[in-house]
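Before any comments, here is the structure.
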4 protein chains.
Amino acid sequence: MRATTFGESHGVVVGVVVDGVPAGLRLEAEVIQADLDRRRPGRGRFSSPRQEPDAVQILSGVAGGRTLGSPIALMVHNRDARSGDYANLAEVFRPGHADYGYFHKYGLPPQPGGGRASGRETLARVAAGAVCRALLARAGVAVTAYTVQVGPARAARVDPEFARDDPLRCADPAAAGAMAQAVQTAMAEGDSLGGVVEVVASGVPAGLGDPVFAKLDAVLAGAWMSIGGVKGVEIGAGFAVAGRRGSQNNDQMDAEGFVTNHAGGILGGISTGQEIVARLAVKPTPSVSRPQQSQDLWGRPRQIEIKGRHDPCLCPRVAPVAEAMTLLVLADAWLAQRALAGGEPLNLD
Amino acid sequence: MRATTFGESHGVVVGVVVDGVPAGLRLEAEVIQADLDRRRPGRGRFSSPRQEPDAVQILSGVAGGRTLGSPIALMVHNRDARSGDYANLAEVFRPGHADYGYFHKYGLPPQPGGGRASGRETLARVAAGAVCRALLARAGVAVTAYTVQVGPARAARVDPEFARDDPLRCADPAAAGAMAQAVQTAMAEGDSLGGVVEVVASGVPAGLGDPVFAKLDAVLAGAWMSIGGVKGVEIGAGFAVAGRRGSQNNDQMDAEGFVTNHAGGILGGISTGQEIVARLAVKPTPSVSRPQQSQDLWGRPRQIEIKGRHDPCLCPRVAPVAEAMTLLVLADAWLAQRALAGGEPLNLD
Amino acid sequence: MRATTFGESHGVVVGVVVDGVPAGLRLEAEVIQADLDRRRPGRGRFSSPRQEPDAVQILSGVAGGRTLGSPIALMVHNRDARSGDYANLAEVFRPGHADYGYFHKYGLPPQPGGGRASGRETLARVAAGAVCRALLARAGVAVTAYTVQVGPARAARVDPEFARDDPLRCADPAAAGAMAQAVQTAMAEGDSLGGVVEVVASGVPAGLGDPVFAKLDAVLAGAWMSIGGVKGVEIGAGFAVAGRRGSQNNDQMDAEGFVTNHAGGILGGISTGQEIVARLAVKPTPSVSRPQQSQDLWGRPRQIEIKGRHDPCLCPRVAPVAEAMTLLVLADAWLAQRALAGGEPLNLD
Amino acid sequence: MRATTFGESHGVVVGVVVDGVPAGLRLEAEVIQADLDRRRPGRGRFSSPRQEPDAVQILSGVAGGRTLGSPIALMVHNRDARSGDYANLAEVFRPGHADYGYFHKYGLPPQPGGGRASGRETLARVAAGAVCRALLARAGVAVTAYTVQVGPARAARVDPEFARDDPLRCADPAAAGAMAQAVQTAMAEGDSLGGVVEVVASGVPAGLGDPVFAKLDAVLAGAWMSIGGVKGVEIGAGFAVAGRRGSQNNDQMDAEGFVTNHAGGILGGISTGQEIVARLAVKPTPSVSRPQQSQDLWGRPRQIEIKGRHDPCLCPRVAPVAEAMTLLVLADAWLAQRALAGGEPLNLD
């Protein structure tokens with residue numbers, strides 16, 4: 001299972017080729033569209049007003065509503081690219097953005113809308129994730145992600161159903177108001193807020209993952225950290241383990257199985273059959289309208305004010321992408337384990 | 001640049017094949033041995049008393065003290081394997097260990113000493129890292145790691161020189177006593193402690209890394225999370241970004257360059273030329289001598305008491321491995337960027 | 001450098017994503033189109049009359065006529081797909097085609113037009129090859145392929161310029177008539193002919209390739225054999241070495257360099273700086289209109305007569321694809337060697 | 001399934017790490033040793049008299065005679081390395097050898113005994129192949145290779161049992177004398193001979209392989225061409241297809257299945273369930289004792305006479321390596337197909 005993405009923010013399209021999906025799987029554009037719609041900008045009041053229909057096209061790999069076993073190419077057109085908004089940025093590195101590193105890597109000035117570094121590339125990830133979701137559903141695996149912190153406001157409990165319709169994807173009805181208020185305040189001051197997104201994968205069978213470099217948590221951590229704006233990932237108890245003793249942190253077992261899940265569903269890099277639980281630290285949107293100090297391409301100090309359309313908090317955008325990356329990793333690990341241990345032919349309904 | 005490791009804890013050897021190292025690089029066994037000695041058990045009072053000389057052998061890829069361009073195979077014999085200590089564990093899953101997942105993955109009972117899941121495999125990583133250290137030294141890149149938290153005790157400042165000789169690799173002379181005391185107390189109670197290790201890479205040129213799935217922080221996060229016992233990784237400000245505003249978190253620039261380094265040296269997945277700074281959450285050693293509840297291979301509840309030799313805190317063992325994984329990733333990224341952008345022939349002495 | 005292709009014969013598009021191309025390379029659609037036009041069906045009298053404009057679209061990775069360093073996605077629409085012609089084949093395995101193996105691999109009946117197995121996927125290869133051609137031109141590398149045998153008619157000498165306009169891509173003006181005649185005769189009898197295509201790469205620097213599994217000739221052989229219809233590949237003297245003695249076959253050197261090139265430009269898997277010369281055995285087009293004996297999906301014997309549009313000889317179609325595969329392999333090997341040995345920044349005009 | 005080899009001819013060891021073998025497979029050193037013994041020099045009268053016991057050590061991945069699922073490291077010591085024989089070659093490129101390309105790739109003078117380019121690295125391949133043989137035996141797959149041509153002498157029929165004990169691995173009792181005579185004559189004149197090796201894989205299920213770049217024949221061709229001295233590979237009818245018509249070359253079917261096997265068991269890159277049959281062109285041993293013209297490291301013309309121990313014909317050495325490479329490719333393809341289509345747990349006896 002491999003996903004190859006392409007496309008720049010203000011280019012013609014964004015797309016992905018998903019290779020390695022077994023033949024015969026039922027797959028309709030609607031299923032992929034549903035996942036794309038959940039990451040779409042312009043849906044809630046805390047999203048940038050850019051209005052992209054983001055209608056997915058299946059270019060290959062599917063016929064008659066079923067996968068062919070060949071590469072599945074998926075594509076979305078960029079329709080609402082207003083590069084004028086970005087015109088004045090081309091000579092100055094935007095603080096908190098990829099511009100500076102890209103300039104040194106490629107020798108090119110910042111591309112309009114961020115080019116390849118724009119969050120718009122995540123569309124390709126979500127489309128690929130939707131394909132994996134369809135595959136993993138056959139194996140009983142489900143993945144969901146939601147917001148558990150925005151700036152100072154934290155969720156005390158988790159209701160994934162509630163998160164689905166909340167504009168910040170907040171999982172706690174009791175905290176949703178405080179989160180919304182925090183964002184409102186930051187927006188009013190031309191600023192943005194960070195947060196934390198939690199991901200849960202249920203139904204994952206025990207035995208997925210590899211023992212050393214490709215531990216399941218290692219591959220997942222790499223996948224999550226590859227999402228723009230994510231600066232930290234933790235699994236199970238995460239950073240809280242630093243203050244614990246072994247006798248507290250070990251998950252003991254009784255006749256029913258594990259009594260706790262401090263490990264977050266992975267031990268020694270291999271899934272244990274428990275829920276995989278992780279949290280992602282999401283930085284505040286770097287595009288803020290307040291004046292900032294930077295340099296231009298020739299190293300001269302410059303002040304920059306960023307106009308244009310920007311989400312005040314990335315969490316509701318990161319959540320569907322976190323789901324997608326989790327689905328991609330799990331689908332690959334599930335197929336790899338199947339190569340070693342065998343398994344039933346997929347029930348292709 | 002690729003490292004392929006092999007070996008089980010109580011098998012004959014542990015080893016690694018490092019592929020992709022340019023020819024002509026000066027490389028002596030002593031250099032690799034020096035890094036291995038720093039991860040060796042039995043050195044300090046908080047290390048397991050297992051006494052392994054861990055003398056590395058260069059099996060291939062080097063002649064006359066220089067690399068040949070062919071795969072470099074490195075090997076260490078397991079001399080002090082006392083599998084008797086583990087004999088009684090073979091039927092019961094040790095809490096906090098890989099046993100349960102391995103059993104479901106491979107259909108095999110827990111191997112003596114953890115088999116492939118033992119921390120002893122990290123020896124291969126450290127050996128491979130030492131090779132990369134020799135390569136990256138030519139590019140002016142240096143990597144160091146040290147302990148900044150053990151249980152409740154935290155470092156307030158960082159002195160890498162001090163860390164080098166501290167038994168817990170604590171970086172803060174003022175906190176070393178409290179850390180040692182915390183470990184002592186846990187040991188006396190048959191228990192263990194978690195902590196946090198910090199890694200710093202200096203001299204990394206701007207422009208390393210890829211824009212999407214193989215962002216430099218993504219690959220590093222995967223590499224760090226693949227170290228046994230690591231349950232979280234964060235780069236730069238890490239989880240602290242969740243509570244911040246964009247205007248606070250963005251690294252602004254003046255005429256000299258970046259004024260702050262909240263990003264930890266990586267923006268949009270590409271290195272910025274600043275120091276790369278990251279922290280790893282290390283869980284408390286799962287092997288504790290207190291009685292614990294578990295199951296045996298047939299699902300029956302069993303109580304288990306773990307004897308044998310175990311570190312009370314993994315941090316001083318994780319630090320050199322974190323250095324090694326960082327070196328492996330950076331060497332690979334440095335060579336990859338060289339393919340795109342060209343570069344001077346390596347100054348080969 | 002990696003190419004990921006997608007698309008089925010009678011689907012919406014055929015496309016490719018080329019990853020790993022350095023930024024700043026001049027690349028216009030016209031350059032790619034030129035290579036595509038050379039493989040286009042419907043050009044000569046010995047090509048199937050299927051009329052596809054095959055106009056390439058650059059979907060990503062290029063802006064302002066230069067590469068961005070991001071993945072280059074290229075796509076061609078399938079416009080003239082008349083699947084009616086194939087309708088009656090869906091239940092019977094076509095002799096010499098992939099149908100039988102695909103059925104056992106994917107559990108699916110033969111797709112119209114061959115689906116993923118159609119020669120139309122080579123369009124994606126040629127497009128990717130054109131990108132590599134633009135890159136390698138900076139390094140002074142040029143690749144050309146032409147027909148040296150069709151059925152009983154063989155070329156005695158090689159004039160690549162002549163081949164460029166010959167309908168069979170025959171390289172020898174003196175043999176072109178006999179080749180054309182042989183094809184004409186076969187066509188008149190509802191049959192097809194095999195042949196041999198030769199590939200030459202000039203300007204390849206010494207030192208490309210790896211010593212063991214990824215020898216340059218090994219990677220090339222795999223790339224060439226992956227072209228549909230190719231049943232054999234040989235490099236330099238090829239199968240003729242079987243009858244030779246070492247003293248005859250070794251390429252000796254004088255003060256100017258190598259005196260002969262029996263090795264075909266590769267020794268021990270590494271390029272020697274001489275021309276790389278290889279030949280590909282191309283089977284006769286399996287789609288012939290004569291009645292053939294086969295089975296249907298349920299294992300019942302069936303007679304099959306294949307209608308539709310088919311090239312009587314695949315050689316003129318294989319030649320541009322052979323160029324493309326050679327270019328892909330050499331571009332990758334050139335970049336890999338650059339990572340090890342350094343090099344000038346690409347002269348970006 | 002991945003094999004990583006290491007070791008130089010006159011270094012300490014030659015070895016391989018085989019990754020991806022399922023756990024629980026019965027594997028004894030004797031089984032691997034048996035395959036190694038068949039490639040060993042010094043066995044027959046046409047082999048170089050170098051006497052290496054080549055006793056394999058299993059370093060990891062096996063316990064109690066069964067695989068653990070972890071990487072299997074195998075190693076053989078180099079005991080009889082007499083580098084004195086090669087001392088005088090260090091400054092002159094040996095005709096037909098890798099020396100010239102290596103010098104340009106690595107900037108190093110020729111290593112004693114060929115270093116990494118020596119045929120001794122094939123030992124690692126054969127060891128890895130033996131592991132795959134054990135795995136594929138469970139799937140009913142068997143692979144054998146033998147000599148069908150040496151210089152002017154060709155086999156008319158094939159008896160693999162006879163080949164097993166013939167010093168040239170000749171498969172035809174009636175041709176063995178002529179082959180031996182041809183070699184004898186060449187040896188007497190200080191020369192060597194080329195030949196052809198045939199490989200047959202039986203029991204391969206239909207459906208292995210991928211449709212485009214990783215066609216089963218493409219991967220096999222790459223694997224075979226990676227064997228030192230192989231200059232051509234052909235599958236099924238191979239180069240003979242060039243002279244054929246489609247109606248002759250297509251394999252038609254009756255009620256029992258395929259009537260012929262011109263395709264050599266692979267159509268469209270996917271196995272058909274028939275025998276996979278291929279032939280490899282093997283060049284005459286480049287080390288001949290006759291005087292040859294070459295250059296030294298500084299480009300000065302030099303005459304060279306190669307002393308030392310050399311096989312007069314490589315075919316009997318190539319045959320076991322060809323088996324090994326075939327086994328590696330088929331094992332990998334078999335596991336990959338199992339990931340897609342499922343399958344019984346391996347019958348682990």
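Within each chain, counting starts at residue 1; across the structure tokens, chains are named A, B, ... in the order shown, with ligands numbered 1 upward in that order.
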
Query - Who sits within 10 Å of Asp19 (chain D), only C-alpha atoms, same chain under 5 positions skipped, as a PyMOL selection string - result: (chain B and resi 4-6) or (chain D and resi 1-4+61+69-73+128)

Restrict the selected residues to all heavy atoms and save them as a JSON list (two decimals), in the first residue's frame.
```json
[["chain", "number", "residue", "atom", "x", "y", "z"],
["B", 4, "THR", "N", 20.51, -2.04, 8.18],
["B", 4, "THR", "CA", 19.77, -3.28, 8.35],
["B", 4, "THR", "C", 20.34, -3.98, 9.57],
["B", 4, "THR", "O", 21.52, -4.36, 9.57],
["B", 4, "THR", "CB", 19.97, -4.18, 7.11],
["B", 4, "THR", "OG1", 19.60, -3.44, 5.95],
["B", 4, "THR", "CG2", 19.15, -5.44, 7.20],
["B", 5, "THR", "N", 19.54, -4.15, 10.61],
["B", 5, "THR", "CA", 20.07, -4.73, 11.84],
["B", 5, "THR", "C", 19.63, -6.19, 11.98],
["B", 5, "THR", "O", 18.69, -6.63, 11.34],
["B", 5, "THR", "CB", 19.61, -3.95, 13.07],
["B", 5, "THR", "OG1", 18.20, -4.13, 13.23],
["B", 5, "THR", "CG2", 19.92, -2.48, 12.93],
["B", 6, "PHE", "N", 20.35, -6.91, 12.81],
["B", 6, "PHE", "CA", 19.98, -8.30, 13.08],
["B", 6, "PHE", "C", 20.46, -8.69, 14.47],
["B", 6, "PHE", "O", 21.32, -8.03, 15.06],
["B", 6, "PHE", "CB", 20.55, -9.24, 12.02],
["B", 6, "PHE", "CG", 22.05, -9.13, 11.83],
["B", 6, "PHE", "CD1", 22.92, -9.95, 12.54],
["B", 6, "PHE", "CD2", 22.58, -8.22, 10.92],
["B", 6, "PHE", "CE1", 24.30, -9.86, 12.35],
["B", 6, "PHE", "CE2", 23.96, -8.11, 10.74],
["B", 6, "PHE", "CZ", 24.82, -8.94, 11.46],
["D", 1, "MET", "N", 10.16, -9.58, 1.81],
["D", 1, "MET", "CA", 11.37, -10.42, 1.74],
["D", 1, "MET", "C", 12.49, -9.59, 1.14],
["D", 1, "MET", "O", 12.38, -9.10, 0.02],
["D", 1, "MET", "CB", 11.08, -11.64, 0.86],
["D", 1, "MET", "CG", 12.27, -12.53, 0.59],
["D", 1, "MET", "SD", 12.63, -13.65, 1.96],
["D", 1, "MET", "CE", 11.11, -14.61, 2.01],
["D", 2, "ARG", "N", 13.56, -9.38, 1.90],
["D", 2, "ARG", "CA", 14.66, -8.58, 1.41],
["D", 2, "ARG", "C", 15.98, -9.18, 1.84],
["D", 2, "ARG", "O", 16.14, -9.59, 2.99],
["D", 2, "ARG", "CB", 14.55, -7.15, 1.95],
["D", 2, "ARG", "CG", 15.36, -6.16, 1.16],
["D", 2, "ARG", "CD", 15.16, -4.76, 1.69],
["D", 2, "ARG", "NE", 15.75, -4.62, 3.01],
["D", 2, "ARG", "CZ", 15.57, -3.58, 3.81],
["D", 2, "ARG", "NH1", 14.76, -2.62, 3.45],
["D", 2, "ARG", "NH2", 16.18, -3.51, 4.97],
["D", 3, "ALA", "N", 16.92, -9.25, 0.92],
["D", 3, "ALA", "CA", 18.25, -9.76, 1.24],
["D", 3, "ALA", "C", 19.25, -8.62, 1.17],
["D", 3, "ALA", "O", 19.29, -7.88, 0.19],
["D", 3, "ALA", "CB", 18.64, -10.86, 0.27],
["D", 4, "THR", "N", 20.04, -8.45, 2.22],
["D", 4, "THR", "CA", 21.09, -7.44, 2.27],
["D", 4, "THR", "C", 22.42, -8.16, 2.43],
["D", 4, "THR", "O", 22.63, -8.83, 3.44],
["D", 4, "THR", "CB", 20.86, -6.51, 3.48],
["D", 4, "THR", "OG1", 19.54, -5.97, 3.40],
["D", 4, "THR", "CG2", 21.87, -5.40, 3.53],
["D", 61, "GLY", "N", 17.92, -14.92, 14.04],
["D", 61, "GLY", "CA", 16.66, -15.17, 13.35],
["D", 61, "GLY", "C", 16.18, -16.60, 13.43],
["D", 61, "GLY", "O", 15.08, -16.91, 12.95],
["D", 69, "GLY", "N", 11.00, -15.08, 12.84],
["D", 69, "GLY", "CA", 10.33, -13.93, 12.23],
["D", 69, "GLY", "C", 11.25, -12.72, 12.19],
["D", 69, "GLY", "O", 10.95, -11.74, 11.51],
["D", 70, "SER", "N", 12.35, -12.77, 12.90],
["D", 70, "SER", "CA", 13.31, -11.65, 12.90],
["D", 70, "SER", "C", 14.34, -11.89, 11.80],
["D", 70, "SER", "O", 14.40, -12.95, 11.21],
["D", 70, "SER", "CB", 13.96, -11.52, 14.28],
["D", 70, "SER", "OG", 14.43, -12.77, 14.73],
["D", 71, "PRO", "N", 15.17, -10.87, 11.50],
["D", 71, "PRO", "CA", 16.11, -11.01, 10.39],
["D", 71, "PRO", "C", 17.06, -12.20, 10.58],
["D", 71, "PRO", "O", 17.60, -12.39, 11.67],
["D", 71, "PRO", "CB", 16.89, -9.69, 10.42],
["D", 71, "PRO", "CG", 16.00, -8.73, 11.12],
["D", 71, "PRO", "CD", 15.22, -9.54, 12.11],
["D", 72, "ILE", "N", 17.25, -12.96, 9.52],
["D", 72, "ILE", "CA", 18.13, -14.13, 9.56],
["D", 72, "ILE", "C", 19.48, -13.70, 8.99],
["D", 72, "ILE", "O", 19.59, -13.42, 7.79],
["D", 72, "ILE", "CB", 17.53, -15.28, 8.74],
["D", 72, "ILE", "CG1", 16.16, -15.66, 9.30],
["D", 72, "ILE", "CG2", 18.47, -16.48, 8.71],
["D", 72, "ILE", "CD1", 15.40, -16.64, 8.44],
["D", 73, "ALA", "N", 20.49, -13.63, 9.85],
["D", 73, "ALA", "CA", 21.83, -13.27, 9.38],
["D", 73, "ALA", "C", 22.65, -14.54, 9.20],
["D", 73, "ALA", "O", 22.71, -15.38, 10.09],
["D", 73, "ALA", "CB", 22.51, -12.32, 10.36],
["D", 128, "ALA", "N", 21.00, -16.97, 1.05],
["D", 128, "ALA", "CA", 19.66, -16.39, 1.14],
["D", 128, "ALA", "C", 18.66, -17.21, 0.33],
["D", 128, "ALA", "O", 17.52, -17.41, 0.74],
["D", 128, "ALA", "CB", 19.69, -14.94, 0.65]]
```

Report task. Would you mind listing what lies within 12 Å of Ser289 (chain B) as an MDAnalysis selection string, with only C-alpha atoms counted and same-chain residues fewer than 3 positions away left out? Result -> (chainID A and resid 246:247) or (chainID B and resid 94:95 186:192 285:286 292 303:312)

Only C-alpha atoms, please: the residues just picked out, written as a compact mmCIF listing (two decimals), in the first residue's frame.
```txt
# COMPACT_ATOMS: atom_id res chain seq x y z
CA GLY A 246 6.94 1.18 36.16
CA SER A 247 4.45 -0.38 38.54
CA ARG B 94 5.55 -9.60 31.03
CA PRO B 95 3.52 -6.41 31.62
CA ALA B 186 12.40 3.74 43.13
CA MET B 187 15.04 0.99 43.06
CA ALA B 188 14.76 0.45 46.77
CA GLU B 189 11.06 -0.15 46.29
CA GLY B 190 11.58 -2.61 43.44
CA ASP B 191 10.33 -0.07 40.97
CA SER B 192 11.53 2.06 38.04
CA THR B 285 11.50 0.35 32.66
CA PRO B 286 8.72 -2.22 32.46
CA GLN B 292 2.26 -7.98 38.74
CA GLN B 303 1.00 -13.39 38.85
CA ILE B 304 4.54 -12.62 37.77
CA GLU B 305 7.63 -11.39 39.59
CA ILE B 306 10.48 -10.36 37.38
CA LYS B 307 13.97 -11.12 38.60
CA GLY B 308 17.10 -10.45 36.64
CA ARG B 309 19.13 -7.39 35.82
CA HIS B 310 17.33 -4.24 34.79
CA ASP B 311 18.03 -0.55 34.55
CA PRO B 312 15.87 1.44 36.96
```

With a cut-off of 10 Å, could you pull out the residues of chain B touching chain D and give me the nearest pair of atoms for each, distance in Å to one decimal, using only C-alpha atoms, ordered by chain and ascending number, as a tab-separated table?
```
residue	atom	partner	partner_atom	distance
B:Ala3	CA	D:Thr4	CA	9.7
B:Thr4	CA	D:Thr4	CA	7.5
B:Thr5	CA	D:Pro71	CA	7.6
B:Phe6	CA	D:Pro71	CA	5.4
B:Gly7	CA	D:Ser60	CA	4.8
B:Glu8	CA	D:Ser60	CA	6.4
B:Ser9	CA	D:Ser60	CA	9.7
B:His10	CA	D:Ser60	CA	9.8
B:Gly11	CA	D:Ser60	CA	6.4
B:Val12	CA	D:Leu59	CA	5.8
B:Val13	CA	D:Leu59	CA	6.2
B:Val14	CA	D:Ser60	CA	7.9
B:Gly15	CA	D:Ala73	CA	8.8
B:Val16	CA	D:Val17	CA	9.1
B:Val17	CA	D:Phe6	CA	7.3
B:Val18	CA	D:Phe6	CA	9.3
B:Asp19	CA	D:Thr4	CA	8.9
B:Pro22	CA	D:Tyr106	CA	7.6
B:Ala23	CA	D:Tyr106	CA	5.6
B:Gly24	CA	D:Tyr106	CA	7.6
B:Gln57	CA	D:Val12	CA	9.9
B:Ile58	CA	D:Val12	CA	8.6
B:Leu59	CA	D:Val12	CA	5.8
B:Ser60	CA	D:Gly7	CA	4.8
B:Gly61	CA	D:Gly7	CA	6.8
B:Val62	CA	D:Gly11	CA	8.8
B:Ala63	CA	D:Gly11	CA	8.2
B:Thr67	CA	D:Tyr106	CA	9.7
B:Leu68	CA	D:Tyr106	CA	7.3
B:Gly69	CA	D:Tyr106	CA	6.5
B:Ser70	CA	D:Arg116	CA	6.7
B:Pro71	CA	D:Phe6	CA	5.4
B:Ile72	CA	D:Phe6	CA	7.1
B:Ala73	CA	D:Phe6	CA	6.5
B:His77	CA	D:Leu59	CA	9.7
B:Tyr102	CA	D:Gly69	CA	9.6
B:Lys105	CA	D:Ala23	CA	8.8
B:Tyr106	CA	D:Ala23	CA	5.5
B:Gly107	CA	D:Ala23	CA	7.6
B:Leu108	CA	D:Leu68	CA	7.6
B:Gln111	CA	D:Leu68	CA	9.1
B:Gly115	CA	D:Leu68	CA	9.0
B:Arg116	CA	D:Ser70	CA	6.7
B:Ala117	CA	D:Ser70	CA	9.7
```

Query - Given only C-alpha atoms as the counted atoms, nearest of C:Ala127, C:Val76, C:Ala174, C:Leu208 to Ala341 (chain C) - result: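 When distances to Ala341 (chain C) are compared using only C-alpha atoms, the smallest one comes from C:Leu208.
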
Report task. Please report, as a PyMOL selection string, each residue of region 58-217 of chain B to which DSSP assigns strand (DSSP E) when run on this structure's backbone. Result -> chain B and resi 58+62-63+66-67+72-77+142-150+153-154+195-202

Would you save the residues from that selection as a CSV table (one decimal), in the first residue's frame, using N, CA and C atoms?
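The file below, selection_23.csv, is the result:
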```
chain,number,residue,atom,x,y,z
B,58,ILE,N,34.5,-4.9,12.7
B,58,ILE,CA,34.2,-4.5,11.3
B,58,ILE,C,34.4,-5.6,10.4
B,62,VAL,N,35.4,-1.8,4.9
B,62,VAL,CA,36.5,-0.9,5.3
B,62,VAL,C,37.8,-1.7,5.1
B,63,ALA,N,38.7,-1.0,4.5
B,63,ALA,CA,40.1,-1.6,4.3
B,63,ALA,C,41.1,-0.5,4.5
B,66,ARG,N,39.8,3.0,5.8
B,66,ARG,CA,38.9,3.8,5.0
B,66,ARG,C,37.8,3.0,4.4
B,67,THR,N,36.6,3.7,4.2
B,67,THR,CA,35.5,3.0,3.7
B,67,THR,C,35.7,2.7,2.2
B,72,ILE,N,29.0,-1.7,5.0
B,72,ILE,CA,29.8,-1.9,6.2
B,72,ILE,C,29.0,-2.7,7.2
B,73,ALA,N,29.5,-3.9,7.4
B,73,ALA,CA,28.9,-4.8,8.4
B,73,ALA,C,29.6,-4.7,9.7
B,74,LEU,N,28.9,-4.5,10.8
B,74,LEU,CA,29.4,-4.4,12.1
B,74,LEU,C,28.8,-5.4,13.0
B,75,MET,N,29.6,-6.0,13.9
B,75,MET,CA,29.0,-7.1,14.7
B,75,MET,C,29.6,-7.0,16.1
B,76,VAL,N,28.8,-7.4,17.1
B,76,VAL,CA,29.2,-7.5,18.5
B,76,VAL,C,28.7,-8.8,19.0
B,77,HIS,N,29.5,-9.6,19.7
B,77,HIS,CA,29.1,-10.9,20.2
B,77,HIS,C,28.3,-10.7,21.5
B,142,ALA,N,26.9,18.0,14.2
B,142,ALA,CA,27.1,17.3,15.4
B,142,ALA,C,25.8,17.1,16.2
B,143,VAL,N,25.7,15.9,16.8
B,143,VAL,CA,24.5,15.5,17.5
B,143,VAL,C,24.8,15.1,18.9
B,144,THR,N,24.0,15.6,19.8
B,144,THR,CA,24.2,15.1,21.2
B,144,THR,C,22.8,15.0,21.9
B,145,ALA,N,22.7,14.1,22.9
B,145,ALA,CA,21.5,13.9,23.6
B,145,ALA,C,21.8,13.7,25.1
B,146,TYR,N,20.8,14.1,25.9
B,146,TYR,CA,21.1,14.0,27.4
B,146,TYR,C,19.7,14.0,28.1
B,147,THR,N,19.7,13.7,29.4
B,147,THR,CA,18.5,13.5,30.1
B,147,THR,C,18.1,14.9,30.7
B,148,VAL,N,16.8,15.3,30.5
B,148,VAL,CA,16.4,16.5,31.1
B,148,VAL,C,15.3,16.3,32.2
B,149,GLN,N,14.8,15.1,32.3
B,149,GLN,CA,13.8,14.8,33.4
B,149,GLN,C,13.9,13.3,33.7
B,150,VAL,N,13.9,13.1,35.1
B,150,VAL,CA,13.7,11.7,35.6
B,150,VAL,C,12.7,11.7,36.7
B,153,ALA,N,12.1,14.9,38.9
B,153,ALA,CA,13.2,15.8,38.9
B,153,ALA,C,13.5,16.3,37.4
B,154,ARG,N,13.6,17.6,37.3
B,154,ARG,CA,13.8,18.2,36.0
B,154,ARG,C,15.0,19.1,35.9
B,195,GLY,N,11.2,9.3,32.2
B,195,GLY,CA,12.0,10.5,32.1
B,195,GLY,C,11.9,11.1,30.7
B,196,VAL,N,12.7,12.1,30.5
B,196,VAL,CA,12.7,12.8,29.2
B,196,VAL,C,14.1,13.0,28.7
B,197,VAL,N,14.3,12.6,27.4
B,197,VAL,CA,15.7,12.8,26.8
B,197,VAL,C,15.5,13.9,25.8
B,198,GLU,N,16.5,14.8,25.7
B,198,GLU,CA,16.5,15.9,24.7
B,198,GLU,C,17.7,15.6,23.7
B,199,VAL,N,17.4,15.9,22.5
B,199,VAL,CA,18.4,15.7,21.4
B,199,VAL,C,18.6,17.0,20.7
B,200,VAL,N,19.9,17.3,20.4
B,200,VAL,CA,20.2,18.6,19.7
B,200,VAL,C,21.1,18.2,18.6
B,201,ALA,N,20.8,18.7,17.4
B,201,ALA,CA,21.7,18.6,16.2
B,201,ALA,C,22.1,20.0,15.8
B,202,SER,N,23.4,20.2,15.8
B,202,SER,CA,23.8,21.5,15.3
B,202,SER,C,24.6,21.4,14.0
```

**Report entry** Distance in Å - CA of Gly222 (chain D) versus CA of Ser226 (chain C)
**Finding:**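 Computed distance, CA of Gly222 (chain D) to CA of Ser226 (chain C), equals 9.8 Å.
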
Report task. As a list in words, please: all residues of region 291-342 of chain B that backbone DSSP puts in helix (DSSP H, G or I). Result ->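 Of region 291-342 of chain B, the ones in helix (DSSP H, G or I) are Cys315, Pro316, Arg317, Val318, Ala319, Pro320, Val321, Ala322, Glu323, Ala324, Met325, Thr326, Leu327, Leu328, Val329, Leu330, Ala331, Asp332, Ala333, Trp334, Leu335, Ala336, Gln337, Arg338, Ala339, Leu340 and Ala341 of chain B.
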
**Report entry** Near-Leu330 (chain B) list (10 Å; only C-alpha atoms; drop same-chain fewer than 5 positions) as an MDAnalysis selection string
**Finding:** chainID B and resid 1 132:133 136 141 143 201 204 208:209 216 219:220 324:325 335:336
